[in-house]
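K.L.:
Dropping in protein_17.csv, which is CSV, C-alpha atoms and all ligand atoms:
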```csv
chain,number,residue,atom,x,y,z
A,1,MET,CA,16.6,7.3,-22.0
A,2,LYS,CA,13.3,5.6,-21.2
A,3,ALA,CA,12.1,5.6,-17.6
A,4,ILE,CA,8.9,5.3,-15.5
A,5,LEU,CA,8.6,8.9,-14.5
A,6,ILE,CA,6.1,9.9,-11.7
A,7,GLN,CA,5.0,13.4,-12.7
A,8,ASP,CA,1.9,13.1,-10.4
A,9,TYR,CA,1.0,10.3,-8.0
A,10,VAL,CA,-1.2,7.6,-9.7
A,11,ALA,CA,-4.1,5.6,-8.1
A,12,ASP,CA,-3.4,2.6,-10.3
A,13,PRO,CA,0.3,1.8,-10.9
A,14,SER,CA,-0.6,-0.8,-13.5
A,15,SER,CA,-1.4,2.2,-15.8
A,16,LEU,CA,2.3,3.4,-15.7
A,17,ILE,CA,4.2,3.5,-19.1
A,18,PRO,CA,7.7,4.6,-19.9
A,19,SER,CA,8.5,8.1,-21.1
A,20,GLU,CA,11.6,9.8,-22.5
A,21,VAL,CA,13.8,11.6,-19.9
A,22,PRO,CA,17.3,12.9,-19.9
A,23,THR,CA,20.0,10.3,-19.2
A,24,PRO,CA,21.7,11.0,-15.9
A,25,ARG,CA,25.4,11.6,-15.6
A,26,PRO,CA,27.7,10.4,-12.8
A,27,HIS,CA,28.7,13.3,-10.4
A,28,ALA,CA,30.4,13.8,-7.1
A,29,ASP,CA,27.4,12.7,-5.0
A,30,ARG,CA,26.3,9.8,-7.3
A,31,PRO,CA,29.6,8.8,-8.9
A,32,LEU,CA,28.5,5.6,-10.7
A,33,LEU,CA,26.3,5.5,-13.7
A,34,VAL,CA,24.8,2.0,-14.1
A,35,ARG,CA,23.2,0.7,-17.3
A,36,ILE,CA,20.3,-1.3,-16.0
A,37,SER,CA,19.8,-4.9,-17.1
A,38,HIS,CA,17.2,-5.9,-14.6
A,39,CYS,CA,14.9,-4.3,-12.0
A,40,SER,CA,12.7,-5.9,-9.4
A,41,PRO,CA,9.4,-4.2,-8.5
A,42,GLN,CA,8.2,-4.6,-4.9
A,43,HIS,CA,5.3,-3.5,-2.7
A,44,ALA,CA,7.1,-0.2,-1.7
A,45,ASP,CA,7.2,0.9,-5.4
A,46,ILE,CA,3.3,0.7,-5.5
A,47,LEU,CA,3.1,2.9,-2.4
A,48,HIS,CA,5.8,5.3,-3.8
A,49,ALA,CA,3.8,5.6,-7.1
A,50,GLN,CA,0.5,6.3,-5.2
A,51,GLY,CA,2.1,8.8,-2.8
A,52,LYS,CA,1.3,6.6,0.2
A,53,HIS,CA,4.8,5.7,1.4
A,54,GLN,CA,6.3,7.4,4.4
A,55,ASN,CA,9.0,8.6,2.0
A,56,ASN,CA,6.3,10.7,0.2
A,57,ASN,CA,5.5,12.5,3.4
A,58,PRO,CA,5.5,16.2,2.4
A,59,LYS,CA,7.5,17.3,5.6
A,60,ARG,CA,9.7,14.3,6.4
A,61,GLY,CA,9.9,12.4,3.2
A,62,TRP,CA,12.4,12.7,0.3
A,63,CYS,CA,10.5,11.2,-2.6
A,64,HIS,CA,8.3,13.8,-4.3
A,65,PRO,CA,7.2,14.2,-7.9
A,66,PRO,CA,8.8,14.4,-10.4
A,67,PHE,CA,10.9,11.3,-9.7
A,68,ILE,CA,11.8,8.1,-11.4
A,69,LEU,CA,10.2,5.1,-9.7
A,70,GLY,CA,11.9,1.8,-8.7
A,71,TYR,CA,14.5,0.6,-6.2
A,72,ASP,CA,16.2,-2.8,-6.7
A,73,PHE,CA,18.3,-3.3,-9.9
A,74,ALA,CA,21.2,-5.1,-11.5
A,75,GLY,CA,23.3,-3.8,-14.4
A,76,VAL,CA,26.7,-2.9,-15.6
A,77,VAL,CA,28.9,0.1,-14.6
A,78,ASP,CA,28.7,2.4,-17.6
A,79,SER,CA,30.7,5.4,-16.5
A,80,ILE,CA,32.4,6.8,-13.4
A,81,SER,CA,32.9,10.3,-12.0
A,82,PRO,CA,36.6,11.3,-11.5
A,83,SER,CA,35.7,11.9,-7.8
A,84,TYR,CA,35.1,8.1,-7.3
A,85,THR,CA,37.8,6.3,-5.2
A,86,GLY,CA,36.3,2.8,-4.9
A,87,ASN,CA,37.1,-0.5,-6.5
A,88,LEU,CA,34.4,-0.8,-9.2
A,89,ARG,CA,35.4,-0.4,-12.8
A,90,ILE,CA,33.5,0.3,-16.1
A,91,GLY,CA,32.0,-3.0,-17.3
A,92,ASP,CA,31.6,-4.6,-13.8
A,93,ARG,CA,28.3,-6.3,-13.2
A,94,VAL,CA,26.7,-4.7,-10.1
A,95,PHE,CA,23.4,-4.9,-8.1
A,96,GLY,CA,22.0,-2.5,-5.7
A,97,ALA,CA,19.1,-0.3,-4.5
A,98,SER,CA,18.5,3.3,-5.3
A,99,ILE,CA,15.5,5.3,-6.2
A,100,GLY,CA,15.2,5.7,-10.0
A,101,ALA,CA,15.7,2.0,-10.9
A,102,PHE,CA,12.8,1.6,-13.4
A,103,ALA,CA,15.0,3.2,-16.2
A,104,GLU,CA,17.7,2.4,-18.7
A,105,TYR,CA,20.3,4.1,-16.6
A,106,VAL,CA,20.6,5.2,-12.9
A,107,ALA,CA,23.3,7.3,-11.3
A,108,VAL,CA,24.0,5.9,-7.8
A,109,LYS,CA,26.0,6.6,-4.6
A,110,ALA,CA,29.1,4.4,-4.2
A,111,GLU,CA,27.6,2.5,-1.2
A,112,ALA,CA,24.4,1.7,-3.1
A,113,VAL,CA,25.9,-1.1,-5.2
A,114,ARG,CA,27.9,-4.3,-4.9
A,115,LYS,CA,29.7,-6.4,-7.5
A,116,VAL,CA,27.6,-9.4,-8.6
A,117,PRO,CA,29.4,-12.6,-7.4
A,118,PRO,CA,30.9,-14.3,-10.6
A,119,ARG,CA,28.7,-17.4,-10.3
A,120,LEU,CA,25.5,-15.5,-9.9
A,121,SER,CA,23.3,-14.3,-12.7
A,122,SER,CA,22.4,-10.6,-12.8
A,123,GLU,CA,18.7,-11.6,-12.7
A,124,ALA,CA,19.2,-13.6,-9.5
A,125,ALA,CA,21.3,-10.9,-7.9
A,126,CYS,CA,18.5,-8.4,-8.7
A,127,ALA,CA,15.9,-10.6,-7.2
A,128,MET,CA,17.9,-11.2,-4.0
A,129,GLU,CA,19.0,-7.5,-3.5
A,130,GLY,CA,16.2,-6.6,-1.1
A,131,GLN,CA,16.2,-9.9,0.7
A,132,ALA,CA,19.4,-9.8,2.8
A,133,VAL,CA,16.9,-8.9,5.6
A,134,SER,CA,15.8,-12.6,5.5
A,135,TYR,CA,19.3,-13.8,6.2
A,136,ALA,CA,19.6,-11.3,9.1
A,137,ALA,CA,16.2,-12.2,10.5
A,138,VAL,CA,16.8,-16.0,10.4
A,139,VAL,CA,20.4,-16.2,11.3
A,140,LYS,CA,21.2,-13.1,13.5
A,141,VAL,CA,17.9,-12.3,15.1
A,142,ALA,CA,15.8,-15.6,15.4
A,143,LYS,CA,19.1,-17.6,15.6
A,144,VAL,CA,17.4,-20.5,13.9
A,145,LEU,CA,19.1,-23.9,14.6
A,146,PRO,CA,19.0,-27.1,12.6
A,147,GLY,CA,15.9,-29.1,13.5
A,148,ASP,CA,13.9,-26.0,14.7
A,149,THR,CA,10.4,-25.7,13.3
A,150,VAL,CA,9.9,-22.2,11.7
A,151,LEU,CA,6.5,-20.7,10.7
A,152,VAL,CA,6.7,-17.9,8.1
A,153,SER,CA,3.8,-15.6,7.4
A,154,GLY,CA,3.6,-13.8,4.0
A,155,ALA,CA,5.7,-16.7,2.8
A,156,SER,CA,4.7,-16.2,-0.8
A,157,GLY,CA,6.2,-12.6,-0.7
A,158,GLY,CA,9.7,-11.5,-1.6
A,159,LEU,CA,10.9,-11.4,2.0
A,160,GLY,CA,8.8,-14.4,3.2
A,161,SER,CA,9.9,-16.7,0.4
A,162,ALA,CA,13.6,-15.8,1.1
A,163,CYS,CA,13.0,-16.4,4.9
A,164,CYS,CA,11.7,-19.9,4.0
A,165,THR,CA,14.8,-20.7,1.9
A,166,VAL,CA,17.3,-19.4,4.4
A,167,ALA,CA,15.6,-21.3,7.2
A,168,LYS,CA,15.6,-24.5,5.1
A,169,ALA,CA,19.2,-24.0,4.2
A,170,LEU,CA,20.0,-24.0,7.9
A,171,GLY,CA,18.3,-27.3,8.4
A,172,ALA,CA,15.0,-26.1,9.9
A,173,LYS,CA,11.6,-27.5,9.2
A,174,VAL,CA,9.5,-24.8,7.6
A,175,ILE,CA,5.8,-24.2,7.6
A,176,ALA,CA,4.8,-21.5,5.1
A,177,LEU,CA,1.5,-19.5,5.2
A,178,ALA,CA,-0.3,-18.7,2.0
A,179,GLY,CA,-3.1,-16.3,1.2
A,180,ASP,CA,-5.3,-18.8,-0.7
A,181,GLU,CA,-5.4,-22.4,-1.9
A,182,GLY,CA,-4.4,-21.6,-5.5
A,183,LYS,CA,-1.1,-20.0,-4.3
A,184,ALA,CA,-0.6,-22.7,-1.7
A,185,LYS,CA,-0.7,-25.4,-4.4
A,186,MET,CA,2.0,-23.6,-6.4
A,187,MET,CA,4.1,-23.0,-3.3
A,188,ARG,CA,3.9,-26.7,-2.4
A,189,ARG,CA,5.2,-27.5,-5.9
A,190,ASP,CA,8.0,-24.9,-6.0
A,191,MET,CA,9.2,-23.8,-2.6
A,192,GLY,CA,10.6,-26.9,-1.1
A,193,VAL,CA,9.1,-26.2,2.4
A,194,ASN,CA,7.8,-28.9,4.7
A,195,ALA,CA,4.2,-27.7,4.7
A,196,VAL,CA,2.0,-24.9,3.4
A,197,VAL,CA,-1.0,-23.8,5.4
A,198,VAL,CA,-3.7,-21.4,4.0
A,199,VAL,CA,-4.5,-18.4,6.2
A,200,ASP,CA,-8.2,-18.1,7.0
A,201,GLU,CA,-10.5,-15.8,8.9
A,202,GLY,CA,-11.7,-18.4,11.3
A,203,GLY,CA,-8.4,-19.2,13.0
A,204,LYS,CA,-8.1,-22.7,11.6
A,205,LEU,CA,-4.5,-22.0,10.7
A,206,VAL,CA,-3.6,-22.3,14.4
A,207,ASP,CA,-5.2,-25.8,14.6
A,208,GLU,CA,-3.4,-26.9,11.5
A,209,VAL,CA,0.0,-25.6,12.7
A,210,MET,CA,-0.5,-27.3,16.1
A,211,GLY,CA,-1.5,-30.5,14.2
A,212,LEU,CA,1.6,-30.4,12.1
A,213,THR,CA,3.8,-30.0,15.2
A,214,LYS,CA,1.9,-32.7,17.1
A,215,GLY,CA,0.6,-30.2,19.6
A,216,ARG,CA,4.0,-28.8,20.5
A,217,GLY,CA,3.9,-25.6,18.5
A,218,VAL,CA,6.7,-24.0,16.5
A,219,ASP,CA,10.1,-22.8,17.8
A,220,VAL,CA,10.2,-19.6,15.7
A,221,VAL,CA,7.7,-17.4,13.9
A,222,LEU,CA,8.9,-14.9,11.3
A,223,ASP,CA,6.0,-12.5,10.9
A,224,ASN,CA,5.9,-10.5,7.7
A,225,THR,CA,2.1,-9.8,7.8
A,226,GLY,CA,1.3,-8.7,11.3
A,227,MET,CA,-0.2,-11.7,13.1
A,228,VAL,CA,1.5,-11.7,16.5
A,229,ASN,CA,-1.6,-13.0,18.3
A,230,ASP,CA,-1.9,-16.1,16.1
A,231,ALA,CA,1.9,-16.4,16.2
A,232,ILE,CA,1.8,-16.7,20.0
A,233,ARG,CA,-1.0,-19.3,19.7
A,234,CYS,CA,1.2,-21.3,17.3
A,235,LEU,CA,4.3,-21.0,19.5
A,236,ALA,CA,6.0,-23.8,21.5
A,237,TYR,CA,7.1,-23.0,25.1
A,238,VAL,CA,10.1,-20.5,25.0
A,239,GLY,CA,9.5,-19.9,21.4
A,240,ARG,CA,10.5,-16.7,19.6
A,241,ILE,CA,8.7,-14.4,17.3
A,242,VAL,CA,10.4,-11.9,15.0
A,243,VAL,CA,8.2,-9.1,13.8
A,244,LEU,CA,9.3,-8.0,10.3
A,245,GLY,CA,6.3,-6.4,8.6
A,246,PHE,CA,2.6,-5.7,8.6
A,247,ALA,CA,1.6,-6.5,5.0
A,248,ALA,CA,-1.9,-7.7,6.0
A,249,ARG,CA,-2.7,-5.0,8.6
A,250,LYS,CA,-3.9,-2.2,6.2
A,251,GLY,CA,-2.3,0.2,8.6
A,252,VAL,CA,-4.2,-1.0,11.7
A,253,MET,CA,-1.9,-2.5,14.3
A,254,GLU,CA,-2.7,-5.4,16.7
A,255,SER,CA,-3.0,-5.3,20.5
A,256,VAL,CA,-1.3,-8.1,22.3
A,257,LYS,CA,-2.2,-9.4,25.8
A,258,MET,CA,1.1,-9.6,27.7
A,259,ASN,CA,0.0,-12.6,29.8
A,260,LYS,CA,0.0,-14.7,26.6
A,261,LEU,CA,3.7,-14.0,26.4
A,262,LEU,CA,4.3,-14.9,30.0
A,263,LEU,CA,2.4,-18.2,29.7
A,264,LYS,CA,4.6,-19.4,26.9
A,265,SER,CA,7.8,-17.7,28.1
A,266,ALA,CA,7.8,-16.2,24.6
A,267,THR,CA,10.3,-13.7,23.2
A,268,VAL,CA,9.0,-11.1,20.7
A,269,THR,CA,11.7,-9.1,18.8
A,270,GLY,CA,11.1,-6.4,16.2
A,271,TYR,CA,13.7,-6.1,13.5
A,272,ARG,CA,14.3,-3.1,11.2
A,273,PHE,CA,17.0,-4.1,8.7
A,274,GLY,CA,17.7,-0.6,7.2
A,275,GLU,CA,18.1,1.1,10.6
A,276,GLY,CA,20.2,-1.8,11.9
A,277,GLY,CA,22.6,-1.3,9.0
A,278,ARG,CA,22.8,2.4,9.4
A,279,ARG,CA,23.6,2.1,13.1
A,280,ASP,CA,26.1,-0.8,12.7
A,281,PRO,CA,27.8,-1.0,9.3
A,282,GLU,CA,30.1,-3.7,10.5
A,283,VAL,CA,27.3,-6.1,11.3
A,284,LEU,CA,25.7,-5.1,8.0
A,285,GLU,CA,28.8,-6.2,6.2
A,286,GLU,CA,28.8,-9.5,8.1
A,287,ILE,CA,25.2,-10.1,7.1
A,288,TRP,CA,26.0,-9.4,3.4
A,289,LYS,CA,29.0,-11.7,3.6
A,290,GLY,CA,27.0,-14.6,5.0
A,291,TYR,CA,24.1,-14.0,2.7
A,292,LEU,CA,26.2,-13.8,-0.5
A,293,GLU,CA,28.1,-17.0,0.6
A,294,MET,CA,24.8,-18.8,0.9
A,295,MET,CA,23.8,-17.5,-2.6
A,296,GLU,CA,27.1,-18.4,-4.2
A,297,SER,CA,27.1,-21.9,-2.7
A,298,GLY,CA,23.7,-22.5,-4.3
A,299,LYS,CA,22.0,-23.1,-0.9
A,300,LEU,CA,19.9,-20.0,-1.5
A,301,LYS,CA,18.2,-19.7,-4.8
A,302,ALA,CA,16.1,-16.8,-6.0
A,303,MET,CA,12.4,-17.7,-6.5
A,304,LEU,CA,11.3,-16.0,-9.6
A,305,TYR,CA,7.7,-15.4,-10.6
A,306,GLY,CA,6.6,-15.1,-14.2
A,307,LYS,CA,8.5,-13.5,-17.1
A,308,TYR,CA,8.5,-9.8,-17.6
A,309,GLU,CA,10.5,-8.0,-20.3
A,310,GLY,CA,11.0,-4.3,-21.0
A,311,LEU,CA,10.1,-1.2,-19.0
A,312,GLU,CA,6.7,-1.2,-20.8
A,313,ASN,CA,5.9,-4.3,-18.6
A,314,ILE,CA,6.6,-2.5,-15.2
A,315,GLY,CA,2.9,-1.5,-15.0
A,316,LYS,CA,1.8,-5.1,-15.5
A,317,ALA,CA,4.3,-6.3,-12.9
A,318,LEU,CA,3.1,-3.7,-10.4
A,319,GLY,CA,-0.5,-4.7,-11.1
A,320,ASP,CA,0.2,-8.4,-10.5
A,321,LEU,CA,1.9,-7.5,-7.2
A,322,ALA,CA,-1.0,-5.3,-6.1
A,323,ALA,CA,-3.5,-8.1,-7.0
A,324,ARG,CA,-1.4,-10.6,-4.9
A,325,LYS,CA,-1.0,-12.9,-7.9
A,326,VAL,CA,2.8,-13.1,-7.3
A,327,TYR,CA,4.7,-15.6,-5.3
A,328,GLY,CA,8.5,-15.1,-4.9
A,329,LYS,CA,10.1,-12.2,-6.8
A,330,VAL,CA,9.2,-10.4,-10.0
A,331,VAL,CA,12.2,-9.4,-12.1
A,332,VAL,CA,11.8,-7.3,-15.2
A,333,LYS,CA,14.5,-7.7,-17.8
A,334,VAL,CA,15.3,-4.2,-19.1
A,335,ALA,CA,18.3,-5.0,-21.4
A,336,ASP,CA,20.5,-7.9,-22.4
A,337,LEU,CA,23.9,-6.7,-21.2
A,338,GLU,CA,25.9,-10.0,-20.7
A,339,ASP,CA,28.1,-9.1,-23.7
A,340,LYS,CA,28.8,-5.6,-22.2
A,341,ALA,CA,29.8,-7.0,-18.8
A,342,LYS,CA,33.2,-8.1,-17.6
A,343,LEU,CA,32.5,-11.7,-16.7
B,1,LIG,N1,11.7,-5.4,8.8
B,1,LIG,C1,12.4,-5.0,7.8
B,1,LIG,O1,13.5,-4.6,7.8
B,1,LIG,C2,11.7,-5.2,6.4
B,1,LIG,C3,12.4,-5.1,5.2
B,1,LIG,C4,11.7,-5.3,4.0
B,1,LIG,C5,10.3,-5.5,4.0
B,1,LIG,N2,9.6,-5.4,5.2
B,1,LIG,C6,8.2,-5.6,5.3
B,1,LIG,O2,7.9,-7.0,5.2
B,1,LIG,C7,6.6,-7.2,4.6
B,1,LIG,C8,6.8,-8.1,3.4
B,1,LIG,O3,7.5,-7.5,2.4
B,1,LIG,P1,7.7,-8.1,1.0
B,1,LIG,O4,8.6,-7.3,0.2
B,1,LIG,O5,7.9,-9.6,1.1
B,1,LIG,O6,6.2,-7.9,0.4
B,1,LIG,P2,5.4,-8.7,-0.7
B,1,LIG,O7,6.3,-9.3,-1.6
B,1,LIG,O8,4.3,-7.8,-1.2
B,1,LIG,O9,4.8,-9.9,0.2
B,1,LIG,C9,3.8,-9.7,1.2
B,1,LIG,C10,3.0,-11.0,1.4
B,1,LIG,O10,2.1,-10.7,2.4
B,1,LIG,C11,0.9,-11.4,2.1
B,1,LIG,N3,-0.3,-10.6,2.4
B,1,LIG,C12,-1.3,-10.9,3.3
B,1,LIG,N4,-2.2,-9.9,3.3
B,1,LIG,C13,-1.8,-9.0,2.4
B,1,LIG,C14,-2.4,-7.8,1.9
B,1,LIG,N5,-3.5,-7.3,2.5
B,1,LIG,N6,-1.8,-7.1,1.0
B,1,LIG,C15,-0.6,-7.5,0.5
B,1,LIG,N7,0.0,-8.7,0.9
B,1,LIG,C16,-0.6,-9.4,1.8
B,1,LIG,C17,0.9,-11.8,0.7
B,1,LIG,O11,0.9,-13.2,0.6
B,1,LIG,P3,-0.5,-13.9,0.4
B,1,LIG,O12,-1.2,-13.3,-0.7
B,1,LIG,O13,-0.1,-15.3,0.0
B,1,LIG,O14,-1.2,-13.8,1.7
B,1,LIG,C18,2.3,-11.3,0.1
B,1,LIG,O15,2.9,-12.3,-0.6
B,1,LIG,C19,6.1,-5.8,4.3
B,1,LIG,O16,5.3,-5.4,5.3
B,1,LIG,C20,7.4,-5.0,4.2
B,1,LIG,O17,7.1,-3.6,4.5
B,1,LIG,C21,10.3,-5.3,6.4
```
As structure tokens - that is how I would like this structure written.
Ligand SMILES: NC(=O)c1ccc[n+]([C@@H]2O[C@H](COP(=O)([O-])OP(=O)(O)OC[C@H]3O[C@@H](n4cnc5c(N)ncnc54)[C@H](OP(=O)(O)O)[C@@H]3O)[C@@H](O)[C@H]2O)c1
P.N.:
Amino acid sequence: MKAILIQDYVADPSSLIPSEVPTPRPHADRPLLVRISHCSPQHADILHAQGKHQNNNPKRGWCHPPFILGYDFAGVVDSISPSYTGNLRIGDRVFGASIGAFAEYVAVKAEAVRKVPPRLSSEAACAMEGQAVSYAAVVKVAKVLPGDTVLVSGASGGLGSACCTVAKALGAKVIALAGDEGKAKMMRRDMGVNAVVVVDEGGKLVDEVMGLTKGRGVDVVLDNTGMVNDAIRCLAYVGRIVVLGFAARKGVMESVKMNKLLLKSATVTGYRFGEGGRRDPEVLEEIWKGYLEMMESGKLKAMLYGKYEGLENIGKALGDLAARKVYGKVVVKVADLEDKAKL
């Protein structure tokens, strides 16, 4: 089969091209072989390809060359190991996350995939696979209520854009932050948020957010980029901040003066979705149930960026992500499998 194989880490992931590798077989540990129809490159794939992700750590990591790149995918169950005891059958449309997704086939653990809900396209399921964290952050952690004003940083990104959509679906007013005016223009056109504010070096974003909220500040900040100090400045009294990521910090973390929290009676909560799920599988299932219901009802729609077809375009997709051209989710169509799926 064709796959994006990392023989050695690369400086520039946009240079990656597919090569021929043996097709995997399902086995006791990875009992489901999925033929991939779509995959969705994300920031972590760039770091994996460059050897800069914590998973590449020579001592503690598990992702070392040679390996097949990629994580989020959708596809069709192609074959099943006799050891498998679950409910999936050959021909079922599934989506999931497992290393090795930038390929024509991937062998996965039973818990790595779920059935695509009948009314959802495989493309949309693939785009939304990694974003259940948005539902968890908005509904379970920030406990956003109808009428709340919610500020989202990194709102053009996969997680940020999904946070905006979930908060809007709950009846909140959403202010999205964008990296530049060009992106902001497209986000105003496509994202259905109440306002888009451009992040700047000079701190004007705080004035703009305070202006938009008539000096009151926002009830909730969902911080995907690492801007807790500005988040506190934008916050209303007894507001809450959820720290989700540090996309803009380049590895250098912020210091926060605790008196600023006291003055606003602010709550700051960190949230790590993967760890939460490992520690409490029941809550994870609740999150997936709520998230999938929102998707199936049409309240939550995938925001797709551009059109990418074939594994030979993975490099372009990763290059566009690295250059911050993208807003929403990139999905690469690997194969047209609708006729092979049980619909
Ligand atoms: N807590 C959790 O469980 C969890 C789960 C998944 C992801 N995360 C984290 O959440 C963050 C967002 O993830 P994502 O998948 O949405 O990433 P993404 O698609 O790459 O989006 C990140 C966004 O941050 C903005 N940004 C600002 N400065 C940036 C910089 N120097 N480099 C890159 N982007 C920059 C970009 O928007 P503009 O260009 O418009 O500024 C971009 O759209 C990441 O830090 C990720 O590790 C956390």
K.L.:
Let me have all residues with an atom within 7 Å of ligand LIG 1 (chain B), counting all atoms listed in the file, laid out as a PDB file with C-alpha atoms, keeping the file's coordinate frame.
P.N.:
```pdb
ATOM      1  CA  GLN A  42       8.200  -4.600  -4.900  1.00  0.00           C
ATOM      2  CA  HIS A  43       5.300  -3.500  -2.700  1.00  0.00           C
ATOM      3  CA  GLY A 130      16.200  -6.600  -1.100  1.00  0.00           C
ATOM      4  CA  VAL A 133      16.900  -8.900   5.600  1.00  0.00           C
ATOM      5  CA  GLY A 154       3.600 -13.800   4.000  1.00  0.00           C
ATOM      6  CA  ALA A 155       5.700 -16.700   2.800  1.00  0.00           C
ATOM      7  CA  SER A 156       4.700 -16.200  -0.800  1.00  0.00           C
ATOM      8  CA  GLY A 157       6.200 -12.600  -0.700  1.00  0.00           C
ATOM      9  CA  GLY A 158       9.700 -11.500  -1.600  1.00  0.00           C
ATOM     10  CA  LEU A 159      10.900 -11.400   2.000  1.00  0.00           C
ATOM     11  CA  GLY A 160       8.800 -14.400   3.200  1.00  0.00           C
ATOM     12  CA  LEU A 177       1.500 -19.500   5.200  1.00  0.00           C
ATOM     13  CA  ALA A 178      -0.300 -18.700   2.000  1.00  0.00           C
ATOM     14  CA  GLY A 179      -3.100 -16.300   1.200  1.00  0.00           C
ATOM     15  CA  ASP A 180      -5.300 -18.800  -0.700  1.00  0.00           C
ATOM     16  CA  LYS A 183      -1.100 -20.000  -4.300  1.00  0.00           C
ATOM     17  CA  ASN A 224       5.900 -10.500   7.700  1.00  0.00           C
ATOM     18  CA  THR A 225       2.100  -9.800   7.800  1.00  0.00           C
ATOM     19  CA  LEU A 244       9.300  -8.000  10.300  1.00  0.00           C
ATOM     20  CA  GLY A 245       6.300  -6.400   8.600  1.00  0.00           C
ATOM     21  CA  PHE A 246       2.600  -5.700   8.600  1.00  0.00           C
ATOM     22  CA  ALA A 247       1.600  -6.500   5.000  1.00  0.00           C
ATOM     23  CA  ALA A 248      -1.900  -7.700   6.000  1.00  0.00           C
ATOM     24  CA  ARG A 249      -2.700  -5.000   8.600  1.00  0.00           C
ATOM     25  CA  LYS A 250      -3.900  -2.200   6.200  1.00  0.00           C
ATOM     26  CA  TYR A 271      13.700  -6.100  13.500  1.00  0.00           C
ATOM     27  CA  ARG A 272      14.300  -3.100  11.200  1.00  0.00           C
ATOM     28  CA  PHE A 273      17.000  -4.100   8.700  1.00  0.00           C
ATOM     29  CA  GLY A 274      17.700  -0.600   7.200  1.00  0.00           C
ATOM     30  CA  LEU A 321       1.900  -7.500  -7.200  1.00  0.00           C
ATOM     31  CA  ALA A 322      -1.000  -5.300  -6.100  1.00  0.00           C
ATOM     32  CA  ARG A 324      -1.400 -10.600  -4.900  1.00  0.00           C
ATOM     33  CA  VAL A 326       2.800 -13.100  -7.300  1.00  0.00           C
ATOM     34  CA  TYR A 327       4.700 -15.600  -5.300  1.00  0.00           C
TER      35      TYR A 327
END
```
K.L.:
For atom CA of Arg89 of chain A and atom CA of Gly290 of chain A, determine how far apart the two atoms are, in Å to one decimal place.
P.N.:
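One can read the atom CA of Arg89 of chain A to atom CA of Gly290 of chain A distance as 24.3 Å.
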K.L.:
Expressed in Å to a single decimal, how great is the separation between atom CA of Tyr305 of chain A and atom CA of Met227 of chain A?
P.N.:
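One can read the atom CA of Tyr305 of chain A to atom CA of Met227 of chain A distance as 25.3 Å.
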K.L.:
Using all atoms listed in the file, which residue out of A:Val220, A:Val141, A:Met294, A:Cys163 lies closest to Leu120 of chain A?
P.N.:
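When distances to Leu120 of chain A are compared using all atoms listed in the file, the smallest one comes from A:Met294.
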K.L.:
Pick the closest to Val34 of chain A from A:Leu47, A:Ala101, A:Val252, A:Leu284: which is it, counting only C-alpha atoms?
P.N.:
A:Ala101
K.L.:
Given only C-alpha atoms as the basis, pick out the residue of A:Asp223, A:Ala317, A:Glu293, A:Val10 nearest to Lys52 of chain A.
P.N.:
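Closest candidate: A:Val10.
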K.L.:
So how far away is atom CA of Glu181 of chain A from atom CA of Lys333 of chain A, in Å?
P.N.:
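Interatomic distance here is 29.4 Å.
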K.L.:
Rank A:Pro13, A:Val94, A:Leu222, A:Ser265 by their smallest atom-to-atom distance to Pro118 of chain A, using all atoms listed in the file, and report the top residue only.
P.N.:
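That would be A:Val94, the residue with the smallest distance to Pro118 of chain A.
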K.L.:
Near Leu261 of chain A, within 12 Å and counting only C-alpha atoms, which residues show up once chain neighbours fewer than 4 positions away are dropped, as a PyMOL selection string?
P.N.:
chain A and resi 228-241+256-257+265-268
K.L.:
Per residue of segment 275-308 of chain A within 12 Å of segment 109-112 of chain A, note the shortest atom pair and the distance in Å to one decimal, counting all atoms listed in the file, and order the rows by chain and increasing residue number, as a tab-separated table.
P.N.:
```
residue	atom	partner	partner_atom	distance
A:Gly277	CA	A:Glu111	CA	12.0
A:Arg278	CA	A:Glu111	CA	11.6
A:Pro281	CA	A:Glu111	CA	11.1
A:Glu285	CA	A:Glu111	CA	11.5
```
K.L.:
Quick one: write out the picked residues with C-alpha atoms as a PDB file, keeping the file's coordinate frame?
P.N.:
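Produced file again.pdb, reproduced below:
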```
ATOM      1  CA  GLY A 277      22.600  -1.300   9.000  1.00  0.00           C
ATOM      2  CA  ARG A 278      22.800   2.400   9.400  1.00  0.00           C
ATOM      3  CA  PRO A 281      27.800  -1.000   9.300  1.00  0.00           C
ATOM      4  CA  GLU A 285      28.800  -6.200   6.200  1.00  0.00           C
TER       5      GLU A 285
END
```
K.L.:
Using only C-alpha atoms for the distances, tell me which of A:Ala125, A:Ala97, A:Ala137, A:Ala142 is nearest to Met303 of chain A.
P.N.:
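Closest candidate: A:Ala125.
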K.L.:
Determine, counting all atoms listed in the file, which protein, DNA and RNA residues have an atom within 9 Å of an atom of Glu20 of chain A; residues of the same chain fewer than 2 positions away are not included. Present the result as a PyMOL selection string.
P.N.:
chain A and resi 1-5+18+22
K.L.:
Residues at most 7 Å from Ile175 of chain A, counting only C-alpha atoms, excluding those fewer than 2 positions away in the same chain, as a ChimeraX atom specification?
P.N.:
/A:150-152,173,177,193-196
K.L.:
Between A:Ala124, A:Met187, A:Ala323, A:Val139, which residue has the minimum interatomic distance to Met295 of chain A, considering all atoms listed in the file?
P.N.:
A:Ala124
